[in-house]
$ cat model_27.cif   # mmCIF, C-alpha atoms
data_query
#
loop_
_atom_site.label_atom_id
_atom_site.label_comp_id
_atom_site.auth_asym_id
_atom_site.auth_seq_id
_atom_site.Cartn_x
_atom_site.Cartn_y
_atom_site.Cartn_z
CA MET A 1066 4.70 3.52 -28.77
CA CYS A 1067 2.11 3.44 -25.99
CA GLU A 1068 2.58 0.85 -23.27
CA GLU A 1069 0.05 -0.65 -20.88
CA LEU A 1070 1.25 -3.12 -18.24
CA GLY A 1071 2.44 -6.17 -20.19
CA ARG A 1072 1.22 -4.83 -23.55
CA ALA A 1073 2.58 -2.39 -26.13
CA TYR A 1074 0.73 -0.53 -28.93
CA PRO A 1075 2.99 0.63 -31.79
CA VAL A 1076 2.12 4.04 -33.21
CA ARG A 1077 2.32 3.98 -36.99
CA GLY A 1078 0.61 6.93 -38.59
CA SER A 1079 -2.47 7.31 -36.40
CA VAL A 1080 -3.82 5.31 -33.45
CA ILE A 1081 -7.40 5.80 -32.20
CA ILE A 1082 -8.25 5.16 -28.55
CA GLY A 1083 -11.91 4.57 -27.75
CA ARG A 1084 -14.86 2.29 -27.14
CA SER A 1085 -15.60 1.63 -30.81
CA LEU A 1086 -14.88 -1.75 -32.36
CA GLU A 1087 -12.80 0.08 -34.97
CA ALA A 1088 -10.50 1.69 -32.36
CA SER A 1089 -6.84 0.66 -32.46
CA ILE A 1090 -6.76 0.64 -28.65
CA ARG A 1091 -10.24 -0.47 -27.63
CA VAL A 1092 -11.47 0.01 -24.06
CA PRO A 1093 -14.99 -1.35 -23.34
CA ASP A 1094 -15.79 1.25 -20.71
CA SER A 1095 -18.89 3.47 -20.71
CA GLY A 1096 -16.78 6.36 -19.39
CA ILE A 1097 -14.80 6.43 -22.64
CA SER A 1098 -16.19 7.84 -25.90
CA ARG A 1099 -16.40 5.72 -29.03
CA ARG A 1100 -13.61 7.79 -30.59
CA HIS A 1101 -12.02 9.30 -27.51
CA ALA A 1102 -8.46 10.31 -28.43
CA ARG A 1103 -5.83 9.95 -31.11
CA VAL A 1104 -2.05 9.53 -31.08
CA GLU A 1105 -0.37 10.29 -34.40
CA THR A 1106 3.04 10.95 -35.88
CA ARG A 1107 3.63 14.44 -37.22
CA ASP A 1108 6.86 16.14 -38.39
CA GLY A 1109 9.03 13.52 -36.73
CA GLY A 1110 7.22 13.80 -33.41
CA PHE A 1111 4.08 12.41 -31.78
CA LEU A 1112 0.89 14.27 -30.87
CA LEU A 1113 -1.94 13.39 -28.52
CA GLU A 1114 -5.33 14.83 -29.49
CA ASP A 1115 -8.66 14.65 -27.69
CA LEU A 1116 -11.47 13.92 -30.18
CA GLY A 1117 -14.22 15.80 -28.39
CA SER A 1118 -14.66 13.15 -25.74
CA SER A 1119 -17.26 13.48 -23.00
CA HIS A 1120 -14.86 13.13 -20.07
CA GLY A 1121 -11.61 14.47 -21.48
CA THR A 1122 -8.12 13.20 -22.19
CA PHE A 1123 -5.34 13.74 -19.65
CA LEU A 1124 -1.60 13.99 -20.13
CA ASN A 1125 0.45 13.68 -16.92
CA GLY A 1126 -2.68 14.54 -14.96
CA LYS A 1127 -3.68 17.63 -16.97
CA SER A 1128 -6.61 17.86 -19.36
CA VAL A 1129 -5.43 18.50 -22.94
CA SER A 1130 -6.93 19.13 -26.37
CA VAL A 1131 -3.73 18.73 -28.40
CA ALA A 1132 -0.27 18.13 -26.90
CA GLU A 1133 3.14 16.89 -28.02
CA LEU A 1134 4.24 13.63 -26.45
CA HIS A 1135 7.62 13.13 -24.80
CA GLU A 1136 9.44 10.09 -23.44
CA GLY A 1137 7.76 8.72 -20.30
CA ASP A 1138 4.57 10.79 -20.60
CA ARG A 1139 1.47 9.28 -18.98
CA ILE A 1140 -1.80 9.27 -20.93
CA GLN A 1141 -4.99 8.83 -18.90
CA VAL A 1142 -8.18 8.05 -20.85
CA GLY A 1143 -11.33 7.66 -18.79
CA ALA A 1144 -10.58 5.86 -15.57
CA ALA A 1145 -9.72 2.44 -16.96
CA LEU A 1146 -6.72 3.13 -19.17
CA ASP A 1147 -3.33 4.45 -18.10
CA LEU A 1148 -0.65 4.41 -20.82
CA LYS A 1149 3.02 5.33 -20.85
CA PHE A 1150 4.49 6.81 -24.05
CA THR A 1151 7.96 5.61 -25.04
CA ARG A 1152 10.16 5.54 -28.13
CA GLU A 1153 12.03 2.49 -26.84
CA ALA A 1154 11.46 -1.02 -28.12
CA PRO A 1155 8.91 -2.98 -26.08
CA VAL A 1156 10.03 -5.47 -23.48
CA GLN A 1157 8.16 -8.73 -23.78
CA VAL A 1158 6.52 -9.71 -20.51
CA ALA A 1159 5.48 -13.35 -20.31
CA ALA A 1160 3.44 -13.08 -17.12
CA PRO A 1161 2.95 -9.63 -15.61
CA SER A 1162 3.71 -9.67 -11.88
CA ALA A 1163 1.75 -6.49 -11.17
CA ALA A 1164 -1.78 -5.31 -11.82
CA LEU A 1165 -2.83 -1.71 -12.35
CA TRP A 1166 -5.66 0.00 -10.52
CA SER A 1167 -7.29 3.37 -11.11
CA TRP A 1168 -9.84 5.23 -8.99
CA SER A 1169 -11.95 7.87 -10.71
CA VAL A 1170 -12.61 10.48 -8.03
CA LEU A 1171 -15.54 11.99 -9.93
CA GLN A 1172 -17.22 8.72 -10.90
CA GLN A 1173 -16.30 6.94 -7.63
CA ARG A 1174 -15.34 3.82 -9.52
CA VAL A 1175 -12.26 1.62 -9.26
CA TYR A 1176 -10.92 0.00 -12.41
CA THR A 1177 -8.30 -2.76 -12.60
CA THR A 1178 -6.42 -4.46 -15.38
CA PRO A 1179 -7.62 -7.96 -16.36
CA ASN A 1180 -4.66 -9.65 -14.62
CA PHE A 1181 -5.85 -8.37 -11.22
CA ALA A 1182 -7.29 -11.78 -10.30
CA GLN A 1183 -4.08 -13.54 -11.39
CA VAL A 1184 -1.90 -11.28 -9.22
CA THR A 1185 -4.11 -11.11 -6.13
CA GLY A 1186 -6.03 -14.38 -6.23
CA VAL A 1187 -9.27 -12.44 -5.76
CA PRO A 1188 -11.92 -12.91 -8.50
CA TYR A 1189 -12.71 -9.28 -9.21
CA GLY A 1190 -14.06 -7.71 -12.42
CA ALA A 1191 -11.77 -5.47 -14.43
CA LEU A 1192 -14.13 -2.53 -14.89
CA ASN A 1193 -16.57 -0.19 -13.23
CA ARG A 1194 -16.79 -1.21 -9.56
CA PRO A 1195 -17.42 1.00 -6.50
CA PRO A 1196 -14.36 1.37 -4.22
CA GLU A 1197 -16.13 -0.28 -1.28
CA GLU A 1198 -16.52 -3.53 -3.24
CA LEU A 1199 -12.76 -3.82 -3.54
CA LEU A 1200 -12.11 -2.68 0.05
CA GLU A 1201 -14.39 -5.48 1.25
CA GLN A 1202 -11.85 -7.95 -0.15
CA VAL A 1203 -9.13 -6.48 2.10
CA ALA A 1204 -8.60 -8.11 5.51
CA PRO A 1205 -10.70 -6.21 8.10
CA GLU A 1206 -7.66 -5.33 10.21
CA HIS A 1207 -6.01 -3.65 7.20
CA ARG A 1208 -8.93 -1.68 5.79
CA GLY A 1209 -8.39 1.28 8.10
CA ALA A 1210 -4.74 1.65 7.07
CA LEU A 1211 -5.62 1.42 3.37
CA ARG A 1212 -8.46 3.93 3.71
CA ALA A 1213 -6.12 6.29 5.55
CA ALA A 1214 -3.45 5.99 2.84
CA LEU A 1215 -6.01 6.67 0.09
CA GLY A 1216 -7.34 9.62 2.08
CA GLU A 1217 -3.84 11.07 2.30
CA LEU A 1218 -3.51 10.82 -1.49
CA LEU A 1219 -6.80 12.69 -1.90
CA ALA A 1220 -5.56 15.32 0.56
CA GLY A 1221 -2.39 15.99 -1.42
CA LYS A 1222 0.23 13.42 -0.38
CA PRO A 1223 2.18 12.58 -3.57
CA GLN A 1224 2.59 8.82 -3.11
CA MET A 1225 1.54 5.83 -1.04
CA ALA A 1226 3.03 2.38 -0.44
CA LEU A 1227 1.85 -0.27 2.00
CA ASP A 1228 1.32 -4.00 2.37
CA VAL A 1229 -2.12 -5.45 3.05
CA ARG A 1230 -3.72 -8.88 3.01
CA LEU A 1231 -6.12 -9.23 0.10
CA GLY A 1232 -8.03 -12.49 0.23
CA GLU A 1233 -5.47 -15.18 1.06
CA ARG A 1234 -2.46 -13.24 -0.26
CA TRP A 1235 -0.30 -10.39 0.90
CA VAL A 1236 -0.01 -7.64 -1.71
CA SER A 1237 2.05 -4.49 -1.93
CA VAL A 1238 -0.12 -1.53 -2.99
CA THR A 1239 1.40 1.63 -4.43
CA GLY A 1240 -0.33 4.72 -5.74
CA GLU A 1241 -0.21 8.37 -6.66
CA ALA A 1242 -2.70 11.12 -7.49
CA LEU A 1243 -3.17 12.63 -10.95
CA LEU A 1244 -4.16 16.28 -10.53
CA ASP A 1245 -6.18 18.74 -12.59
CA ALA A 1246 -5.07 22.28 -13.39
CA ALA A 1247 -6.29 23.48 -9.97
CA ARG A 1248 -4.13 20.79 -8.26
CA GLY A 1249 -7.18 18.78 -7.27
CA PRO A 1250 -7.10 14.95 -7.58
CA ILE A 1251 -9.05 13.52 -10.50
CA PHE A 1252 -7.63 9.98 -10.50
CA LEU A 1253 -5.70 7.83 -8.08
CA VAL A 1254 -3.58 5.31 -9.97
CA GLY A 1255 -1.13 2.65 -8.93
CA THR A 1256 -0.04 -0.96 -8.87
CA VAL A 1257 -0.75 -4.12 -6.89
CA VAL A 1258 2.05 -6.70 -6.58
CA ASP A 1259 1.89 -10.14 -4.98
CA ALA A 1260 4.06 -9.75 -1.86
CA SER A 1261 3.25 -13.08 -0.20
CA ALA A 1262 6.82 -14.42 -0.38
CA ARG A 1263 8.32 -11.21 1.03
CA ALA A 1264 5.67 -10.97 3.73
CA ALA A 1265 6.39 -14.52 4.85
CA ARG A 1266 10.07 -13.61 5.29
CA SER A 1267 9.57 -10.30 7.08
CA ARG A 1268 6.27 -10.78 8.94
CA GLY A 1269 6.78 -10.98 12.69
CA ARG A 1270 4.66 -12.13 15.63
CA VAL A 1271 4.14 -9.17 17.96
CA LEU A 1272 2.80 -9.21 21.52
CA VAL A 1273 1.43 -5.82 22.67
CA ILE A 1274 1.00 -5.25 26.43
CA ASP A 1275 -0.86 -2.13 27.57
CA ASP A 1276 -3.45 -1.83 30.34
CA GLU A 1277 -5.48 0.68 28.31
CA ARG A 1278 -7.58 -1.45 25.95
CA LEU A 1279 -8.14 1.37 23.45
CA VAL A 1280 -4.39 1.99 23.23
CA SER A 1281 -3.48 -1.67 22.80
CA SER A 1282 -6.19 -2.08 20.14
CA ALA A 1283 -4.95 0.98 18.24
CA ILE A 1284 -1.37 -0.32 18.31
CA ALA A 1285 -2.53 -3.72 17.10
CA ARG A 1286 -4.38 -2.14 14.16
CA ALA A 1287 -1.35 -0.04 13.23
CA LEU A 1288 1.08 -2.97 13.26
CA SER A 1289 -1.22 -5.59 11.72
CA ALA A 1290 -0.61 -4.28 8.21
CA ARG A 1291 2.79 -6.02 8.33
CA HIS A 1292 2.78 -8.25 11.38
CA GLU A 1293 0.66 -10.80 13.25
CA VAL A 1294 -0.35 -8.98 16.43
CA THR A 1295 -1.80 -10.17 19.76
CA ALA A 1296 -2.81 -7.58 22.39
CA VAL A 1297 -3.26 -8.12 26.14
CA GLN A 1298 -3.92 -5.74 29.02
CA SER A 1299 -1.53 -6.98 31.74
CA GLY A 1300 1.94 -8.37 32.27
CA ARG A 1301 0.46 -11.48 33.89
CA GLN A 1302 -1.60 -12.22 30.78
CA ALA A 1303 1.54 -11.74 28.71
CA LEU A 1304 3.52 -14.24 30.79
CA THR A 1305 0.80 -16.85 30.32
CA LEU A 1306 0.83 -16.33 26.54
CA LEU A 1307 4.63 -16.47 26.41
CA GLU A 1308 4.47 -19.95 27.93
CA GLU A 1309 2.08 -21.07 25.20
CA ARG A 1310 3.29 -19.27 22.08
CA ALA A 1311 6.43 -17.82 20.53
CA PHE A 1312 6.67 -14.09 19.76
CA ASP A 1313 9.31 -12.20 17.82
CA VAL A 1314 8.58 -8.79 19.38
CA ILE A 1315 7.23 -8.02 22.88
CA LEU A 1316 6.04 -4.41 23.08
CA CYS A 1317 5.28 -3.47 26.70
CA ASP A 1318 4.04 -0.30 28.37
CA MET A 1319 6.46 0.88 31.05
CA ALA A 1320 3.80 1.97 33.56
CA MET A 1321 1.01 -0.49 34.37
CA PRO A 1322 -0.65 -1.09 37.75
CA GLU A 1323 -0.15 -4.86 37.99
CA MET A 1324 3.16 -5.55 36.26
CA GLY A 1325 4.89 -2.78 34.36
CA GLY A 1326 7.80 -2.91 31.98
CA MET A 1327 10.54 -3.08 34.60
CA ALA A 1328 8.81 -5.89 36.49
CA LEU A 1329 8.27 -7.87 33.27
CA HIS A 1330 11.93 -7.36 32.34
CA ALA A 1331 13.02 -8.64 35.79
CA HIS A 1332 10.80 -11.73 35.50
CA LEU A 1333 12.08 -12.57 32.02
CA ALA A 1334 15.70 -11.99 33.08
CA ALA A 1335 15.21 -14.55 35.86
CA HIS A 1336 13.11 -17.13 34.02
CA ARG A 1337 13.25 -16.52 30.22
CA PRO A 1338 16.45 -14.54 29.50
CA GLU A 1339 16.37 -15.62 25.84
CA LEU A 1340 13.34 -13.33 25.37
CA LEU A 1341 15.05 -10.12 26.53
CA PRO A 1342 16.36 -9.17 23.03
CA ARG A 1343 12.73 -9.28 21.85
CA LEU A 1344 11.49 -6.83 24.48
CA ALA A 1345 10.80 -3.14 23.73
CA PHE A 1346 9.02 -0.48 25.75
CA MET A 1347 6.38 2.21 25.32
CA THR A 1348 6.31 5.21 27.61
CA GLY A 1349 4.34 8.39 28.18
CA GLY A 1350 7.63 10.28 28.21
CA ALA A 1351 7.94 11.16 31.94
CA PHE A 1352 10.62 9.00 33.59
CA SER A 1353 11.31 8.54 37.25
CA PRO A 1354 15.01 8.43 38.20
CA ARG A 1355 14.64 4.67 38.68
CA ALA A 1356 13.11 4.23 35.21
CA GLU A 1357 15.80 6.41 33.61
CA SER A 1358 18.49 4.32 35.26
CA PHE A 1359 16.78 1.10 34.14
CA LEU A 1360 16.51 2.19 30.49
CA ALA A 1361 20.11 3.40 30.43
CA ARG A 1362 21.36 0.17 32.02
CA THR A 1363 19.46 -2.16 29.70
CA ALA A 1364 19.86 -0.07 26.50
CA ALA A 1365 16.26 -0.98 25.75
CA VAL A 1366 14.41 0.00 22.58
CA VAL A 1367 11.85 2.67 23.57
CA VAL A 1368 9.09 4.57 21.76
CA SER A 1369 7.31 7.52 23.36
CA LYS A 1370 3.56 8.17 23.33
CA PRO A 1371 1.81 9.55 21.39
CA PHE A 1372 3.47 7.78 18.52
CA ALA A 1373 2.90 7.67 14.78
CA ARG A 1374 2.30 4.42 12.91
CA GLY A 1375 5.72 4.78 11.28
CA ALA A 1376 7.44 4.92 14.66
CA LEU A 1377 5.74 1.68 15.74
CA MET A 1378 6.75 -0.04 12.51
CA ALA A 1379 10.34 1.17 12.96
CA LEU A 1380 10.42 -0.14 16.54
CA ALA A 1381 9.20 -3.59 15.48
CA ASP A 1382 11.71 -3.61 12.62
CA ASP A 1383 14.51 -2.65 15.03
CA VAL A 1384 13.75 -5.62 17.28
CA LEU A 1385 13.45 -7.98 14.30
CA ALA A 1386 16.80 -6.70 13.03
CA ARG A 1387 18.37 -7.72 16.35
CA LEU A 1388 17.10 -11.23 15.66
CA GLY A 1389 18.53 -11.22 12.15
CA ARG A 1390 15.08 -10.88 10.56
CA CYS A 1391 15.25 -7.33 9.30
CA PRO A 1392 12.22 -6.82 7.01
CA GLU A 1393 12.84 -5.78 3.46
CA PRO A 1394 11.81 -2.16 2.83
CA GLN A 1395 8.42 -1.61 1.22
CA THR A 1396 8.57 -0.83 -2.48
CA GLU A 1397 8.29 2.89 -3.16
CA PHE A 1398 6.11 3.93 -6.07
CA SER A 1399 7.82 5.63 -9.00
CA ARG A 1400 6.13 6.81 -12.12
CA GLY A 1401 6.66 5.13 -15.40
#
$ encode --input "model_27.cif" --output "structure tokens"
Amino acid sequence: MCEELGRAYPVRGSVIIGRSLEASIRVPDSGISRRHARVETRDGGFLLEDLGSSHGTFLNGKSVSVAELHEGDRIQVGAALDLKFTREAPVQVAAPSAALWSWSVLQQRVYTTPNFAQVTGVPYGALNRPPEELLEQVAPEHRGALRAALGELLAGKPQMALDVRLGERWVSVTGEALLDAARGPIFLVGTVVDASARAARSRGRVLVIDDERLVSSAIARALSARHEVTAVQSGRQALTLLEERAFDVILCDMAMPEMGGMALHAHLAAHRPELLPRLAFMTGGAFSPRAESFLARTAAVVVSKPFARGALMALADDVLARLGRCPEPQTEFSRG
């Protein structure tokens, strides 16, 4: 049996995959031949055979002419169809909670399953769209993170998983690369799941304080994939905002000319002590004896520059955990 998300195709005798109206599994995609591939039973087993297609048939990321199928194998036909082979009975899915996406590296087209609009809330065609058209639907502050994750897949990273805002919803995007015989990526494939409910539970309000505008903007971009971020360039600006709005995490640079981390901590201790558990610090790594004593005395959460995006996320999560709002971990992508 070949399974697509929410749909199963029993294999009895011979099953043709292609663009033709007579195909058992019909895919109306110009990148797929009329009679593209065949799955058939033979001697108690199952074989996958390419029928001389223009763009090839792939099994677990490798181009094949004829190959025996085994439990859990992935069949990739064109860029729009990704099937899993199984001998198990199908599980009926009333309303699929995830949509599939596939990016053809050669054709530079992104394909999605028809339920993409249902899952994401974004009216987007199922076939044959340039990647930029889909990226334009992603919130501007999240596009950079998504582009970076896709770039890492193309460069050889095995998997990706991140949350982004797509239209009015938060979605969890996972993916992996299917490779050719030379270990080069030919397709990026993955899932999109509506993560709005989880995001509402774990999304925090973060205040970033750093006198270097480029640094504070970079931090805001890195954290905005999972949190609502506001950036300011001085401790005085931060105090004004803290009188007007509530923040879950206050991320402050230790060394600033007007009011650094220690001065902000002293002010909050005197006037807003309830905010101290929300305060964390960034540092360039060189501590004065006074700063070392301060950090040891307060047992503050600290991250050192330069820092990776993962370290910033972990710091925000650590502070949220102190408040009893520990975010749920992002779903890791697993094949099959």
$ resolve_selection --input "model_27.cif" --expression "the PyMOL selection byres ((chain A and resi 1306) around 12)" --output "list in words"
Val1271, Leu1272, Val1273, Ile1274, Thr1295, Ala1296, Val1297, Gln1298, Ser1299, Gly1300, Arg1301, Gln1302, Ala1303, Leu1304, Thr1305, Leu1307, Glu1308, Glu1309, Arg1310, Ala1311, Phe1312 and Ile1315 of chain A
$ atom_distance --input "model_27.cif" --atom1 "CA of Asp1138 in chain A" --atom2 "CA of Phe1150 in chain A"
5.3 Å
$ residues_around --input "model_27.cif" --residues "Arg1139 in chain A" --least-positions-apart "5" --cutoff "6 Å" --atoms "only C-alpha atoms" --output "PyMOL selection string"
chain A and resi 1124-1125+1148-1149
$ closest_residue --input "model_27.cif" --among "A:Asp1228, A:Asp1245, A:Glu1136, A:Asp1313" --to "Ser1289 in chain A" --atoms "only C-alpha atoms"
A:Asp1228
$ closest_residue --input "model_27.cif" --among "A:Glu1087, A:Leu1385, A:Ala1213, A:Ala1320" --to "Arg1270 in chain A" --atoms "only C-alpha atoms"
A:Leu1385
$ closest_residue --input "model_27.cif" --among "A:Val1367, A:Val1236, A:Leu1333, A:Val1294" --to "Phe1346 in chain A" --atoms "only C-alpha atoms"
A:Val1367
$ atom_distance --input "model_27.cif" --atom1 "CA of Ser1169 in chain A" --atom2 "CA of Arg1234 in chain A"
25.4 Å
$ residues_near_point --input "model_27.cif" --point "(-3.5, 10.1, 23.3)" --cutoff "10 Å" --atoms "only C-alpha atoms" --output "short mmCIF file (atom, residue, chain, number, x, y, z; two decimals) with C-alpha atoms, keeping the file's coordinate frame"
data_model
loop_
_atom_site.label_atom_id
_atom_site.label_comp_id
_atom_site.auth_asym_id
_atom_site.auth_seq_id
_atom_site.Cartn_x
_atom_site.Cartn_y
_atom_site.Cartn_z
CA LEU A 1279 -8.14 1.37 23.45
CA VAL A 1280 -4.39 1.99 23.23
CA GLY A 1349 4.34 8.39 28.18
CA LYS A 1370 3.56 8.17 23.33
CA PRO A 1371 1.81 9.55 21.39
CA PHE A 1372 3.47 7.78 18.52
#
$ residues_near_point --input "model_27.cif" --point "(1.9, 2.4, -31.8)" --cutoff "10 Å" --atoms "all atoms listed in the file" --output "short mmCIF file (atom, residue, chain, number, x, y, z; two decimals) with C-alpha atoms, keeping the file's coordinate frame"
data_model
loop_
_atom_site.label_atom_id
_atom_site.label_comp_id
_atom_site.auth_asym_id
_atom_site.auth_seq_id
_atom_site.Cartn_x
_atom_site.Cartn_y
_atom_site.Cartn_z
CA MET A 1066 4.70 3.52 -28.77
CA CYS A 1067 2.11 3.44 -25.99
CA GLU A 1068 2.58 0.85 -23.27
CA ALA A 1073 2.58 -2.39 -26.13
CA TYR A 1074 0.73 -0.53 -28.93
CA PRO A 1075 2.99 0.63 -31.79
CA VAL A 1076 2.12 4.04 -33.21
CA ARG A 1077 2.32 3.98 -36.99
CA GLY A 1078 0.61 6.93 -38.59
CA SER A 1079 -2.47 7.31 -36.40
CA VAL A 1080 -3.82 5.31 -33.45
CA ILE A 1081 -7.40 5.80 -32.20
CA SER A 1089 -6.84 0.66 -32.46
CA ILE A 1090 -6.76 0.64 -28.65
CA VAL A 1104 -2.05 9.53 -31.08
CA GLU A 1105 -0.37 10.29 -34.40
CA THR A 1106 3.04 10.95 -35.88
CA PHE A 1150 4.49 6.81 -24.05
CA THR A 1151 7.96 5.61 -25.04
CA ARG A 1152 10.16 5.54 -28.13
#
$ atom_distance --input "model_27.cif" --atom1 "CA of Leu1218 in chain A" --atom2 "CA of Leu1244 in chain A"
10.6 Å
$ closest_residue --input "model_27.cif" --among "A:Glu1241, A:Val1254, A:Gly1137, A:Ala1247" --to "Thr1177 in chain A" --atoms "all atoms listed in the file"
A:Val1254
$ closest_residue --input "model_27.cif" --among "A:Val1368, A:Val1142, A:Leu1165, A:Leu1112" --to "Arg1091 in chain A" --atoms "all atoms listed in the file"
A:Val1142
$ axis_aligned_box --input "model_27.cif" --around "range 1292-1300 of chain A" --padding-each-side "5 Å" --output "lines of an AutoDock Vina configuration file"
center_x = -0.6
center_y = -8.3
center_z = 21.8
size_x = 16.7
size_y = 15.1
size_z = 30.9
$ closest_residue --input "model_27.cif" --among "A:Ala1214, A:Cys1317, A:Leu1199, A:Leu1113" --to "Ala1226 in chain A" --atoms "only C-alpha atoms"
A:Ala1214
$ resolve_selection --input "model_27.cif" --expression "the PyMOL selection byres ((chain A and resi 1202) around 8)" --output "list in words"
Val1187, Glu1198, Leu1199, Leu1200, Glu1201, Val1203, Ala1204, Leu1231 and Gly1232 of chain A
